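Engineer: Got a file for you: work-v6.txt, compact mmCIF, C-alpha atoms.
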```txt
# COMPACT_ATOMS: atom_id res chain seq x y z
CA MET A 1 115.13 101.90 128.69
CA ILE A 2 114.73 105.02 130.83
CA ALA A 3 115.64 108.66 130.18
CA VAL A 4 115.00 111.41 132.74
CA THR A 5 116.04 115.06 132.77
CA GLY A 6 116.88 115.10 136.46
CA GLY A 7 113.57 115.03 138.31
CA GLY A 8 112.59 111.41 138.87
CA SER A 9 116.14 110.11 138.72
CA GLY A 10 115.45 108.38 142.02
CA ALA A 11 113.32 105.92 140.05
CA ILE A 12 116.50 104.68 138.36
CA SER A 13 118.11 103.96 141.74
CA ALA A 14 114.95 102.27 143.02
CA LEU A 15 114.78 99.97 140.01
CA LEU A 16 118.48 99.12 140.06
CA GLN A 17 118.33 98.32 143.77
CA THR A 18 115.63 95.73 143.11
CA PRO A 19 116.87 92.12 142.78
CA GLY A 20 116.62 90.96 139.17
CA ALA A 21 116.94 94.48 137.77
CA SER A 22 119.35 93.27 135.10
CA ARG A 23 116.46 91.30 133.56
CA THR A 24 114.35 94.46 133.37
CA VAL A 25 116.50 97.56 132.85
CA LEU A 26 118.48 97.78 129.61
CA GLU A 27 119.93 101.21 130.27
CA ALA A 28 119.20 104.50 132.03
CA VAL A 29 120.40 107.96 131.01
CA VAL A 30 120.08 111.46 132.47
CA PRO A 31 120.32 114.09 129.69
CA TYR A 32 120.38 116.92 132.23
CA SER A 33 121.69 119.91 130.25
CA LEU A 34 119.82 121.31 127.26
CA ALA A 35 122.66 120.21 124.96
CA ALA A 36 122.39 116.66 126.30
CA LEU A 37 118.61 116.68 125.85
CA VAL A 38 118.90 117.94 122.26
CA GLU A 39 121.40 115.19 121.49
CA TRP A 40 119.17 112.56 123.11
CA ILE A 41 115.94 113.39 121.27
CA GLY A 42 117.57 114.48 118.01
CA GLY A 43 116.45 118.11 117.93
CA LYS A 44 115.77 121.19 120.02
CA PRO A 45 112.39 121.04 121.77
CA ASP A 46 110.07 124.04 121.92
CA ARG A 47 110.13 123.65 125.72
CA ALA A 48 112.41 121.42 127.78
CA CYS A 49 109.65 120.55 130.27
CA SER A 50 106.54 119.62 128.33
CA GLU A 51 104.37 116.68 127.43
CA ALA A 52 105.80 116.66 123.89
CA THR A 53 109.38 116.53 125.21
CA ALA A 54 108.57 113.64 127.55
CA ARG A 55 107.06 111.75 124.61
CA ALA A 56 110.08 112.47 122.42
CA MET A 57 112.36 111.21 125.21
CA ALA A 58 110.31 108.03 125.50
CA MET A 59 110.39 107.44 121.74
CA ALA A 60 114.17 107.93 121.66
CA ALA A 61 114.40 105.50 124.58
CA PHE A 62 112.28 102.94 122.73
CA MET A 63 114.53 103.19 119.67
CA ARG A 64 117.56 102.78 121.91
CA ALA A 65 115.96 99.70 123.47
CA ARG A 66 115.49 98.26 119.98
CA SER A 67 119.20 98.73 119.27
CA LEU A 68 120.25 97.25 122.63
CA ALA A 69 117.97 94.21 122.30
CA PRO A 70 117.66 93.61 118.53
CA ASN A 71 116.68 89.96 118.95
CA HIS A 72 114.14 90.56 121.68
CA ASP A 73 110.40 90.67 120.99
CA PRO A 74 109.84 94.37 120.18
CA MET A 75 106.35 94.14 121.67
CA ALA A 76 107.95 93.52 125.09
CA LEU A 77 110.18 96.62 125.01
CA LEU A 78 109.36 99.93 126.69
CA GLY A 79 110.95 103.36 126.32
CA VAL A 80 110.35 105.67 129.28
CA GLY A 81 110.84 109.44 129.37
CA CYS A 82 110.37 111.92 132.20
CA THR A 83 110.90 115.66 132.30
CA ALA A 84 110.07 117.70 135.38
CA SER A 85 110.22 121.27 136.59
CA LEU A 86 110.78 121.07 140.34
CA ALA A 87 111.49 123.47 143.20
CA THR A 88 114.89 125.10 142.79
CA ASP A 89 117.12 127.87 144.15
CA ARG A 90 116.00 130.44 141.55
CA THR A 91 112.74 132.02 140.44
CA LYS A 92 110.78 129.67 138.19
CA ARG A 93 109.13 130.89 134.98
CA GLY A 94 106.29 128.35 135.09
CA GLU A 95 104.48 126.04 137.47
CA ARG A 96 106.18 123.03 139.00
CA ARG A 97 105.08 119.97 137.06
CA ILE A 98 105.99 116.46 135.90
CA HIS A 99 105.49 114.82 132.51
CA ALA A 100 106.08 111.06 132.28
CA ALA A 101 105.69 109.09 129.05
CA VAL A 102 105.98 105.48 127.95
CA GLN A 103 106.48 104.32 124.37
CA SER A 104 105.94 100.75 123.23
CA ALA A 105 105.75 99.25 119.76
CA ASP A 106 102.02 99.87 119.60
CA ARG A 107 101.21 102.60 122.12
CA THR A 108 102.18 106.07 123.32
CA VAL A 109 101.00 107.04 126.82
CA VAL A 110 101.83 110.25 128.69
CA TYR A 111 100.78 111.55 132.09
CA SER A 112 101.09 115.20 133.09
CA VAL A 113 100.62 116.42 136.64
CA PRO A 114 101.10 119.82 138.34
CA LEU A 115 102.71 120.08 141.75
CA THR A 116 100.66 123.07 142.87
CA ASP A 117 99.16 121.09 145.76
CA ASN A 118 102.60 120.26 147.17
CA ALA A 119 104.60 122.74 149.27
CA PRO A 120 107.71 123.87 147.32
CA SER A 121 110.58 121.64 148.41
CA ARG A 122 113.27 120.12 146.19
CA SER A 123 113.51 116.95 148.23
CA GLY A 124 109.74 116.64 148.40
CA ASP A 125 109.34 117.27 144.68
CA GLU A 126 112.08 114.72 143.89
CA ALA A 127 110.34 112.09 146.01
CA THR A 128 107.05 112.83 144.28
CA ALA A 129 108.64 112.66 140.80
CA THR A 130 110.30 109.36 141.67
CA GLY A 131 107.05 107.82 142.91
CA PHE A 132 105.11 109.18 139.95
CA LEU A 133 107.59 107.78 137.41
CA LEU A 134 107.66 104.36 139.12
CA TRP A 135 103.85 104.38 139.16
CA THR A 136 103.80 105.22 135.42
CA ILE A 137 106.18 102.35 134.64
CA ALA A 138 104.18 99.94 136.79
CA GLN A 139 100.95 100.93 135.03
CA SER A 140 102.55 100.21 131.66
CA CYS A 141 103.79 96.81 132.85
CA ASP A 142 100.40 95.85 134.35
CA VAL A 143 101.97 95.69 137.81
CA ASP A 144 99.97 96.52 140.94
CA ALA A 145 101.17 100.01 141.92
CA THR A 146 99.02 100.49 145.04
CA VAL A 147 102.12 100.66 147.24
CA LEU A 148 103.27 103.75 145.32
CA GLU A 149 100.10 105.78 145.61
CA ASP A 150 101.09 107.44 148.90
CA SER A 151 104.02 109.10 147.12
CA LEU A 152 101.93 110.54 144.28
CA PRO A 153 101.05 114.25 144.13
CA ARG A 154 98.04 115.19 146.23
CA GLY A 155 94.97 115.30 144.05
CA TRP A 156 96.77 113.51 141.21
CA ASN A 157 93.68 111.48 140.25
CA ASP A 158 91.83 114.67 139.38
CA ALA A 159 94.71 116.82 138.21
CA SER A 160 96.79 114.38 136.16
CA ARG A 161 96.17 114.34 132.44
CA ARG A 162 96.57 111.15 130.44
CA ARG A 163 96.89 111.12 126.67
CA GLU A 164 97.19 107.93 124.70
CA ALA A 165 97.34 106.76 121.12
CA GLU A 166 97.32 103.12 120.07
CA ALA A 167 98.68 101.93 116.74
CA SER A 168 97.48 99.08 114.58
CA LEU A 169 99.81 96.16 113.89
CA ALA A 170 100.49 97.53 110.41
CA GLU A 171 101.37 100.96 111.80
CA THR A 172 103.69 99.33 114.32
CA GLU A 173 105.48 97.45 111.56
CA LEU A 174 105.62 100.58 109.43
CA LEU A 175 106.92 103.02 111.99
CA LEU A 176 108.85 101.14 114.64
CA VAL A 177 109.67 97.62 113.51
CA GLY A 178 109.65 97.33 109.71
CA ARG A 179 110.54 99.55 106.78
CA TRP A 180 107.16 100.07 105.16
CA ARG A 181 105.27 103.17 104.27
CA ALA A 182 101.57 103.91 104.37
CA LEU A 183 99.29 106.01 102.21
CA LEU A 184 96.32 107.55 104.00
CA ARG A 185 93.69 108.31 101.41
CA PRO A 186 91.04 111.04 101.81
CA ASP A 187 88.29 108.45 102.15
CA SER A 188 90.03 107.19 105.32
CA THR A 189 91.23 103.90 103.85
CA VAL A 190 94.88 103.10 104.54
CA ASP A 191 97.16 101.16 102.22
CA TYR A 192 100.48 99.73 103.48
CA PHE A 193 103.34 98.95 101.15
CA ALA A 194 106.62 97.13 101.59
CA GLU A 195 109.64 99.19 100.53
CA GLY A 196 109.84 99.36 96.74
CA GLU A 197 106.30 98.07 96.19
CA ALA A 198 104.26 101.27 96.51
CA PRO A 199 102.66 102.80 93.42
CA PRO A 200 104.48 105.84 92.02
CA THR A 201 103.79 109.25 93.53
CA ALA A 202 104.71 112.09 91.16
CA ALA A 203 104.77 115.01 93.61
CA VAL A 204 105.62 114.74 97.32
CA PHE A 205 105.55 117.53 99.92
CA PRO A 206 107.61 116.42 102.93
CA GLY A 207 107.20 118.30 106.18
CA ALA A 208 106.66 118.24 109.93
CA PHE A 209 103.38 120.23 109.57
CA ASN A 210 103.48 121.35 113.20
CA PRO A 211 101.06 122.92 112.54
CA PRO A 212 100.03 122.97 108.86
CA HIS A 213 99.15 126.46 107.62
CA ALA A 214 98.04 128.51 104.64
CA GLY A 215 101.58 128.64 103.24
CA HIS A 216 101.68 124.86 102.95
CA LEU A 217 98.36 124.82 101.10
CA ARG A 218 99.42 127.55 98.69
CA MET A 219 102.73 125.78 97.98
CA ALA A 220 100.85 122.56 97.25
CA ALA A 221 98.46 124.29 94.86
CA VAL A 222 101.28 126.09 93.01
CA ALA A 223 103.28 122.86 92.76
CA GLU A 224 100.34 120.90 91.33
CA ALA A 225 99.69 123.63 88.76
CA ARG A 226 103.34 123.69 87.69
CA LEU A 227 103.87 119.93 87.63
CA GLN A 228 100.41 119.04 86.32
CA GLN A 229 100.44 116.18 88.83
CA PRO A 230 98.52 115.50 92.05
CA LEU A 231 100.50 115.93 95.25
CA ALA A 232 100.78 113.85 98.42
CA TRP A 233 101.87 115.13 101.81
CA GLU A 234 104.68 113.15 103.45
CA LEU A 235 104.97 112.96 107.23
CA SER A 236 108.09 111.14 108.43
CA MET A 237 108.38 109.74 111.91
CA THR A 238 112.11 110.54 111.87
CA ASN A 239 113.86 113.76 110.90
CA VAL A 240 117.50 114.85 110.87
CA ASP A 241 116.72 118.04 112.83
CA LYS A 242 113.69 117.20 114.98
CA PRO A 243 112.68 114.71 117.67
CA PRO A 244 111.03 111.49 116.41
CA LEU A 245 107.25 111.45 116.22
CA ASP A 246 105.26 109.21 118.54
CA PHE A 247 101.75 107.91 117.89
CA ILE A 248 100.09 110.90 119.59
CA SER A 249 102.09 113.34 117.45
CA ILE A 250 101.28 111.41 114.29
CA ARG A 251 97.57 111.31 115.11
CA ASP A 252 97.48 115.02 115.97
CA ARG A 253 99.32 116.07 112.81
CA VAL A 254 97.32 113.84 110.49
CA GLU A 255 94.11 115.25 111.99
CA ALA A 256 95.43 118.81 111.57
CA LEU A 257 96.36 118.15 107.93
CA ARG A 258 92.97 116.59 107.28
CA LYS A 259 91.28 119.64 108.81
CA GLU A 260 93.17 121.95 106.44
CA ASP A 261 93.04 119.67 103.39
CA ALA A 262 90.54 116.83 103.06
CA GLN A 263 91.50 115.99 99.45
CA ARG A 264 95.18 115.05 99.19
CA PRO A 265 96.59 111.73 100.48
CA ILE A 266 99.14 111.60 103.30
CA ALA A 267 102.14 109.27 103.13
CA LEU A 268 103.51 108.11 106.49
CA THR A 269 107.17 107.06 106.43
CA ARG A 270 110.28 106.78 108.55
CA ALA A 271 112.51 108.31 105.87
CA ALA A 272 114.63 110.94 107.64
CA THR A 273 116.83 111.89 104.67
CA PHE A 274 116.03 112.72 101.07
CA CYS A 275 118.15 109.78 99.96
CA GLU A 276 115.72 107.55 101.87
CA LYS A 277 112.73 109.47 100.51
CA ALA A 278 114.03 109.05 96.95
CA ALA A 279 114.16 105.28 97.48
CA LEU A 280 110.51 105.32 98.63
CA PHE A 281 109.32 107.74 95.92
CA PRO A 282 111.44 107.09 92.79
CA GLY A 283 110.84 109.61 90.04
CA ALA A 284 109.03 112.05 92.35
CA THR A 285 109.45 115.81 92.55
CA PHE A 286 109.88 116.95 96.15
CA VAL A 287 108.25 120.25 97.10
CA VAL A 288 110.60 122.04 99.49
CA GLY A 289 111.54 125.45 100.87
CA ALA A 290 114.88 127.15 100.25
CA ASP A 291 115.87 126.43 103.87
CA THR A 292 115.47 122.70 103.22
CA MET A 293 117.68 122.95 100.12
CA LEU A 294 120.36 124.55 102.30
CA ARG A 295 120.18 121.66 104.76
CA ILE A 296 120.46 119.08 101.97
CA ALA A 297 123.70 120.77 100.89
CA GLU A 298 125.26 121.09 104.36
CA PRO A 299 128.11 118.57 104.93
CA ARG A 300 127.33 118.43 108.68
CA TYR A 301 124.37 116.18 107.86
CA TYR A 302 126.79 113.74 106.26
CA GLY A 303 129.36 113.53 109.06
CA ASP A 304 131.12 116.64 107.65
CA ASP A 305 132.10 114.49 104.66
CA VAL A 306 131.61 116.31 101.34
CA ALA A 307 132.15 113.06 99.44
CA ARG A 308 129.24 111.46 101.32
CA ARG A 309 127.09 114.51 100.57
CA ASN A 310 127.91 114.27 96.88
CA ALA A 311 127.21 110.54 96.84
CA ALA A 312 123.79 111.12 98.44
CA VAL A 313 122.91 113.81 95.87
CA ALA A 314 124.01 111.48 93.08
CA GLU A 315 121.78 108.72 94.48
CA ILE A 316 118.79 111.07 94.54
CA GLY A 317 119.49 111.90 90.89
CA ARG A 318 119.76 108.21 89.94
CA SER A 319 116.33 107.69 91.51
CA GLY A 320 114.93 110.15 88.98
CA CYS A 321 113.90 112.61 91.72
CA ARG A 322 113.97 116.40 91.51
CA PHE A 323 113.22 119.37 93.78
CA LEU A 324 110.75 122.20 93.28
CA ALA A 325 112.18 124.93 95.51
CA PHE A 326 110.07 127.74 96.99
CA GLY A 327 111.43 130.88 98.62
CA ARG A 328 111.48 130.96 102.40
CA ALA A 329 111.90 133.65 105.04
CA THR A 330 115.00 132.68 107.05
CA ASP A 331 116.75 134.74 109.73
CA GLY A 332 114.93 137.90 108.73
CA GLN A 333 115.47 137.63 104.98
CA PHE A 334 113.57 135.96 102.16
CA LEU A 335 115.79 133.43 100.38
CA THR A 336 115.13 131.95 96.95
CA LEU A 337 116.99 129.21 95.12
CA GLY A 338 119.13 131.82 93.35
CA ASP A 339 120.39 133.10 96.71
CA LEU A 340 121.76 129.72 97.77
CA ASN A 341 125.30 128.46 97.40
CA LEU A 342 124.57 124.89 96.32
CA PRO A 343 126.87 122.33 94.72
CA ALA A 344 126.32 122.17 90.96
CA GLU A 345 125.11 118.56 91.09
CA LEU A 346 122.34 119.49 93.54
CA ARG A 347 121.34 122.67 91.73
CA ASP A 348 120.94 120.66 88.52
CA LEU A 349 118.16 118.69 90.26
CA CYS A 350 116.24 121.86 91.18
CA ASP A 351 113.54 123.98 89.63
CA GLU A 352 112.60 127.30 91.21
CA VAL A 353 109.32 128.97 92.01
CA PRO A 354 110.13 132.72 91.88
CA ALA A 355 109.04 135.07 94.66
CA ALA A 356 106.74 136.85 92.20
CA GLU A 357 104.76 133.61 91.90
CA PHE A 358 104.83 132.63 95.57
CA ARG A 359 105.82 134.37 98.77
CA GLU A 360 104.45 133.46 102.20
CA ASP A 361 106.40 134.47 105.30
CA VAL A 362 104.33 132.49 107.83
CA SER A 363 106.05 129.50 109.46
CA SER A 364 104.98 126.66 111.73
CA THR A 365 107.67 127.69 114.23
CA ALA A 366 106.30 131.22 114.46
CA LEU A 367 102.75 129.91 114.84
CA ARG A 368 103.79 127.66 117.72
CA LYS A 369 105.41 130.61 119.49
CA VAL A 370 102.11 132.51 119.62
CA GLU A 371 100.11 129.54 120.90
CA PRO A 372 99.05 129.78 124.56
```
What do you get writing this file as structure tokens?
Structural biologist:
Amino acid sequence: MIAVTGGGSGAISALLQTPGASRTVLEAVVPYSLAALVEWIGGKPDRACSEATARAMAMAAFMRARSLAPNHDPMALLGVGCTASLATDRTKRGERRIHAAVQSADRTVVYSVPLTDNAPSRSGDEATATGFLLWTIAQSCDVDATVLEDSLPRGWNDASRRREAEASLAETELLLVGRWRALLRPDSTVDYFAEGEAPPTAAVFPGAFNPPHAGHLRMAAVAEARLQQPLAWELSMTNVDKPPLDFISIRDRVEALRKEDAQRPIALTRAATFCEKAALFPGATFVVGADTMLRIAEPRYYGDDVARRNAAVAEIGRSGCRFLAFGRATDGQFLTLGDLNLPAELRDLCDEVPAAEFREDVSSTALRKVEP
């Protein structure tokens, strides 16, 4: 399953023109506009042309392949993503470059290559992107790609950057094939649990943690003091507002969390919604910001169906779960639980941490914007 943002689309034609392509290609899509890309990966990327976006495209492609071939061996499926910034008819804000990624059930691989050694030419850049993407696919399929090397960017062996993360069988079943969750303990041991079989976790802090920061740590400490219970971080591979996490993202974020906090366990899940989280963590209190409480209440996350929203809130309540809501700076103002217009059934599940007890205006989004 292949997704490209324009550059490299010639690879789709080359594959489809090959006899037997119907036994290899499930589908190919070109999410060319930003709106199409956001819809494809499930959230707005920080940058349209980046390694992270290529990986998110590949993960979305892998999930699509799973839905198109549900009875096929998932270990034989590949999701491919490519995003490129090529020569164009307007001034470019960054260097010309290509990012190509492949996602399988047990591996994330991404190659990044600049086009600085190639003379600026749209047709030339397109030919290079096509050859580079075909080479990437061939590498992932253990096919001899020598015939493609003449079309690769000059100096690609030295300039291209490969990043890879391999998952264990249990992680594969947890994140991409099954419906398990894992608990990563501070001593590095990992326990995997089938749905409904995990030991109870009294306090859970869900988040993307991209990156984790001092505000997260302070929230965790305040929550533990209030609840008189130890807390676990929860990192979900799927999210209603963000692209899915691949194995490189998961590894990087777990390492970042461990660097900031070597004591608390980390739960890995694929629970995108709080209804799903409540099923995995019955009886838990979820530590959230006011902005998250607003999203839980918004009907647009339930197909604009208020009845579905209310049913989801009721299910969370039946699971014995509650929310500990912290204030959050949003759109230039600091919002607390009392500022939110929530349905009564949802508000009844909430306890508030007042601004006098906790206020931290730093955000992961703002921190990413200042990174080089």
Engineer: Counting only C-alpha atoms, what is within 12 Å of Leu86 of chain A, bar same-chain residues fewer than 5 positions away, as a ChimeraX atom specification?
Structural biologist: /A:5-8,49,91-99,113-116,118-130
Engineer: Counting all atoms listed in the file, which residue out of A:Leu340, A:Ala325, A:Met59, A:Ala278 sits closest to Arg226 of chain A?
Structural biologist: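 Checking each of A:Leu340, A:Ala325, A:Met59, A:Ala278 against Arg226 of chain A, counting all atoms listed in the file, the winner is A:Ala325.
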Engineer: I want to know what sits within 10 Å of segment 294-303 of chain A, based on only C-alpha atoms, with residues of the same chain fewer than 5 positions away left out; could you give that as a short mmCIF file (atom, residue, chain, number, x, y, z; two decimals) with C-alpha atoms, in the coordinates of the input?
Structural biologist:
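To be explicit, this is the file written out as around.cif:
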```
data_model
loop_
_atom_site.label_atom_id
_atom_site.label_comp_id
_atom_site.auth_asym_id
_atom_site.auth_seq_id
_atom_site.Cartn_x
_atom_site.Cartn_y
_atom_site.Cartn_z
CA VAL A 240 117.50 114.85 110.87
CA ASP A 241 116.72 118.04 112.83
CA THR A 273 116.83 111.89 104.67
CA PHE A 274 116.03 112.72 101.07
CA CYS A 275 118.15 109.78 99.96
CA GLY A 289 111.54 125.45 100.87
CA ARG A 308 129.24 111.46 101.32
CA ARG A 309 127.09 114.51 100.57
CA ASN A 310 127.91 114.27 96.88
CA ALA A 311 127.21 110.54 96.84
CA ALA A 312 123.79 111.12 98.44
CA VAL A 313 122.91 113.81 95.87
CA LEU A 337 116.99 129.21 95.12
CA LEU A 340 121.76 129.72 97.77
CA ASN A 341 125.30 128.46 97.40
CA LEU A 342 124.57 124.89 96.32
CA PRO A 343 126.87 122.33 94.72
CA LEU A 346 122.34 119.49 93.54
CA ARG A 347 121.34 122.67 91.73
#
```
Engineer: Restricting the calculation to all atoms listed in the file, which member of A:Thr201, A:Gln228, A:Ser249, A:Thr88 is positioned closest to Glu164 of chain A?
Structural biologist: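 Closest candidate: A:Ser249.
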Engineer: Give the answer as one residue: which of A:Ala314, A:Ala165, A:Ala36, A:Thr172 has the shortest atom-to-atom distance to Met75 of chain A, using all atoms listed in the file?
Structural biologist: A:Thr172
Engineer: What does the structure give for the distance between atom CA of Gly332 of chain A and atom CA of Pro354 of chain A, in Å to one decimal?
Structural biologist: 18.3 Å
Engineer: Could you tell me, as a PyMOL selection string, which residues have any atom at most 7 Å from (96.0, 108.5, 100.1), counting all atoms listed in the file?
Structural biologist: chain A and resi 183-186+264-267
Engineer: For Ala182 of chain A, please output as a list in words all residues within 9 Å (counting all atoms listed in the file; exclusion window: fewer than 5 positions along the same chain).
Structural biologist: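 Residues near the query, excluding close chain neighbours: Ala170, Glu171, Leu174, Val190, Asp191, Tyr192, Phe193, Ala194, Ala198, Ile266, Ala267, Leu268 and Thr269 of chain A.
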Engineer: Using only C-alpha atoms, find the one residue out of A:Ala145, A:Glu260, A:Thr285, A:Glu255 that sits nearest to Ala232 of chain A.
Structural biologist: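 When distances to Ala232 of chain A are compared using only C-alpha atoms, the smallest one comes from A:Thr285.
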Engineer: Quick one: distance from atom CA of Pro243 of chain A to atom CA of Met293 of chain A in Å, one decimal?
Structural biologist: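 Atom CA of Pro243 of chain A sits 20.0 Å away from atom CA of Met293 of chain A.
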Engineer: Would you pick out the contacts of segment 62-71 of chain A at 6 Å or less, using all atoms listed in the file, so that residues sharing its chain but fewer than 6 positions from it are not included, and give the list as a list in words?
Structural biologist: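 In the requested form, the answer reads Met1, Leu78 and Gly79 of chain A.
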Engineer: Show which residues sit within 9 Å of Thr330 of chain A, as number ranges by chain. Count all atoms listed in the file, and ignore same-chain residues fewer than 4 positions away.
Structural biologist: A: 290-291, 334-335, 361
Engineer: For Glu51 of chain A, which residue among A:Ala100, A:Leu176, A:Ala356, A:Ala202 is the nearest when counting all atoms listed in the file?
Structural biologist: A:Ala100
Engineer: Quick one: pull the distance between atom CA of Ala221 of chain A and atom CA of Gly320 of chain A, Å, one decimal.
Structural biologist: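 Computed distance, atom CA of Ala221 of chain A to atom CA of Gly320 of chain A, equals 22.5 Å.
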Engineer: Which of these residues is nearest to Thr108 of chain A, using all atoms listed in the file: A:Thr146, A:Phe247, A:Ser33, A:Phe132?
Structural biologist: A:Phe247
Engineer: Dig up all the protein and nucleic acid residues within 10 Å of (101.7, 125.1, 98.4) in the file frame, using all atoms listed in the file, and format them as a VMD selection string.
Structural biologist: chain A and resid 205 213 to 225 231 287 to 288 326 358 360
Engineer: Taking C-alpha atoms for each residue, export the selection above as a CSV table (one decimal), in the coordinates of the input.
Structural biologist:
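Contents of again.csv, freshly written:
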```csv
chain,number,residue,atom,x,y,z
A,205,PHE,CA,105.6,117.5,99.9
A,213,HIS,CA,99.2,126.5,107.6
A,214,ALA,CA,98.0,128.5,104.6
A,215,GLY,CA,101.6,128.6,103.2
A,216,HIS,CA,101.7,124.9,103.0
A,217,LEU,CA,98.4,124.8,101.1
A,218,ARG,CA,99.4,127.6,98.7
A,219,MET,CA,102.7,125.8,98.0
A,220,ALA,CA,100.8,122.6,97.2
A,221,ALA,CA,98.5,124.3,94.9
A,222,VAL,CA,101.3,126.1,93.0
A,223,ALA,CA,103.3,122.9,92.8
A,224,GLU,CA,100.3,120.9,91.3
A,225,ALA,CA,99.7,123.6,88.8
A,231,LEU,CA,100.5,115.9,95.2
A,287,VAL,CA,108.2,120.2,97.1
A,288,VAL,CA,110.6,122.0,99.5
A,326,PHE,CA,110.1,127.7,97.0
A,358,PHE,CA,104.8,132.6,95.6
A,360,GLU,CA,104.4,133.5,102.2
```
Engineer: Some atoms are missing, so please complete segment 61-80 of chain A with N, CA and C atoms and return it as a PDB file, keeping the file's coordinate frame.
Structural biologist:
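In the end it all went to part.pdb:
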```
ATOM      1  N   ALA A  61     114.053 106.613 123.708  1.00  0.00           N
ATOM      2  CA  ALA A  61     114.400 105.500 124.580  1.00  0.00           C
ATOM      3  C   ALA A  61     113.942 104.172 123.977  1.00  0.00           C
ATOM      4  N   PHE A  62     112.752 104.167 123.365  1.00  0.00           N
ATOM      5  CA  PHE A  62     112.280 102.940 122.730  1.00  0.00           C
ATOM      6  C   PHE A  62     113.213 102.538 121.586  1.00  0.00           C
ATOM      7  N   MET A  63     113.619 103.496 120.774  1.00  0.00           N
ATOM      8  CA  MET A  63     114.530 103.190 119.670  1.00  0.00           C
ATOM      9  C   MET A  63     115.871 102.675 120.190  1.00  0.00           C
ATOM     10  N   ARG A  64     116.328 103.259 121.294  1.00  0.00           N
ATOM     11  CA  ARG A  64     117.560 102.780 121.910  1.00  0.00           C
ATOM     12  C   ARG A  64     117.391 101.353 122.412  1.00  0.00           C
ATOM     13  N   ALA A  65     116.231 101.062 123.005  1.00  0.00           N
ATOM     14  CA  ALA A  65     115.960  99.700 123.470  1.00  0.00           C
ATOM     15  C   ALA A  65     115.992  98.712 122.311  1.00  0.00           C
ATOM     16  N   ARG A  66     115.455  99.126 121.170  1.00  0.00           N
ATOM     17  CA  ARG A  66     115.490  98.260 119.980  1.00  0.00           C
ATOM     18  C   ARG A  66     116.927  97.951 119.573  1.00  0.00           C
ATOM     19  N   SER A  67     117.811  98.965 119.669  1.00  0.00           N
ATOM     20  CA  SER A  67     119.200  98.730 119.270  1.00  0.00           C
ATOM     21  C   SER A  67     119.958  97.901 120.305  1.00  0.00           C
ATOM     22  N   LEU A  68     119.587  98.026 121.583  1.00  0.00           N
ATOM     23  CA  LEU A  68     120.250  97.250 122.630  1.00  0.00           C
ATOM     24  C   LEU A  68     119.773  95.807 122.687  1.00  0.00           C
ATOM     25  N   ALA A  69     118.535  95.572 122.250  1.00  0.00           N
ATOM     26  CA  ALA A  69     117.970  94.210 122.300  1.00  0.00           C
ATOM     27  C   ALA A  69     117.364  93.870 120.942  1.00  0.00           C
ATOM     28  N   PRO A  70     118.190  93.791 119.890  1.00  0.00           N
ATOM     29  CA  PRO A  70     117.660  93.610 118.530  1.00  0.00           C
ATOM     30  C   PRO A  70     116.955  92.278 118.319  1.00  0.00           C
ATOM     31  N   ASN A  71     117.290  91.275 119.129  1.00  0.00           N
ATOM     32  CA  ASN A  71     116.680  89.960 118.950  1.00  0.00           C
ATOM     33  C   ASN A  71     115.532  89.700 119.915  1.00  0.00           C
ATOM     34  N   HIS A  72     115.223  90.695 120.720  1.00  0.00           N
ATOM     35  CA  HIS A  72     114.140  90.560 121.680  1.00  0.00           C
ATOM     36  C   HIS A  72     112.809  90.906 121.019  1.00  0.00           C
ATOM     37  N   ASP A  73     111.735  90.343 121.504  1.00  0.00           N
ATOM     38  CA  ASP A  73     110.400  90.670 120.990  1.00  0.00           C
ATOM     39  C   ASP A  73     110.157  92.163 121.153  1.00  0.00           C
ATOM     40  N   PRO A  74     110.031  92.915 120.044  1.00  0.00           N
ATOM     41  CA  PRO A  74     109.840  94.370 120.180  1.00  0.00           C
ATOM     42  C   PRO A  74     108.576  94.738 120.928  1.00  0.00           C
ATOM     43  N   MET A  75     107.577  93.838 120.954  1.00  0.00           N
ATOM     44  CA  MET A  75     106.350  94.140 121.670  1.00  0.00           C
ATOM     45  C   MET A  75     106.539  94.114 123.178  1.00  0.00           C
ATOM     46  N   ALA A  76     107.689  93.600 123.641  1.00  0.00           N
ATOM     47  CA  ALA A  76     107.950  93.520 125.090  1.00  0.00           C
ATOM     48  C   ALA A  76     108.911  94.607 125.549  1.00  0.00           C
ATOM     49  N   LEU A  77     109.251  95.543 124.662  1.00  0.00           N
ATOM     50  CA  LEU A  77     110.180  96.620 125.010  1.00  0.00           C
ATOM     51  C   LEU A  77     109.415  97.896 125.352  1.00  0.00           C
ATOM     52  N   LEU A  78     109.947  98.652 126.316  1.00  0.00           N
ATOM     53  CA  LEU A  78     109.360  99.930 126.690  1.00  0.00           C
ATOM     54  C   LEU A  78     110.449 101.005 126.700  1.00  0.00           C
ATOM     55  N   GLY A  79     110.112 102.174 126.154  1.00  0.00           N
ATOM     56  CA  GLY A  79     110.950 103.360 126.320  1.00  0.00           C
ATOM     57  C   GLY A  79     110.230 104.300 127.263  1.00  0.00           C
ATOM     58  N   VAL A  80     110.945 104.816 128.253  1.00  0.00           N
ATOM     59  CA  VAL A  80     110.350 105.670 129.280  1.00  0.00           C
ATOM     60  C   VAL A  80     111.051 107.028 129.269  1.00  0.00           C
TER      61      VAL A  80
END
```
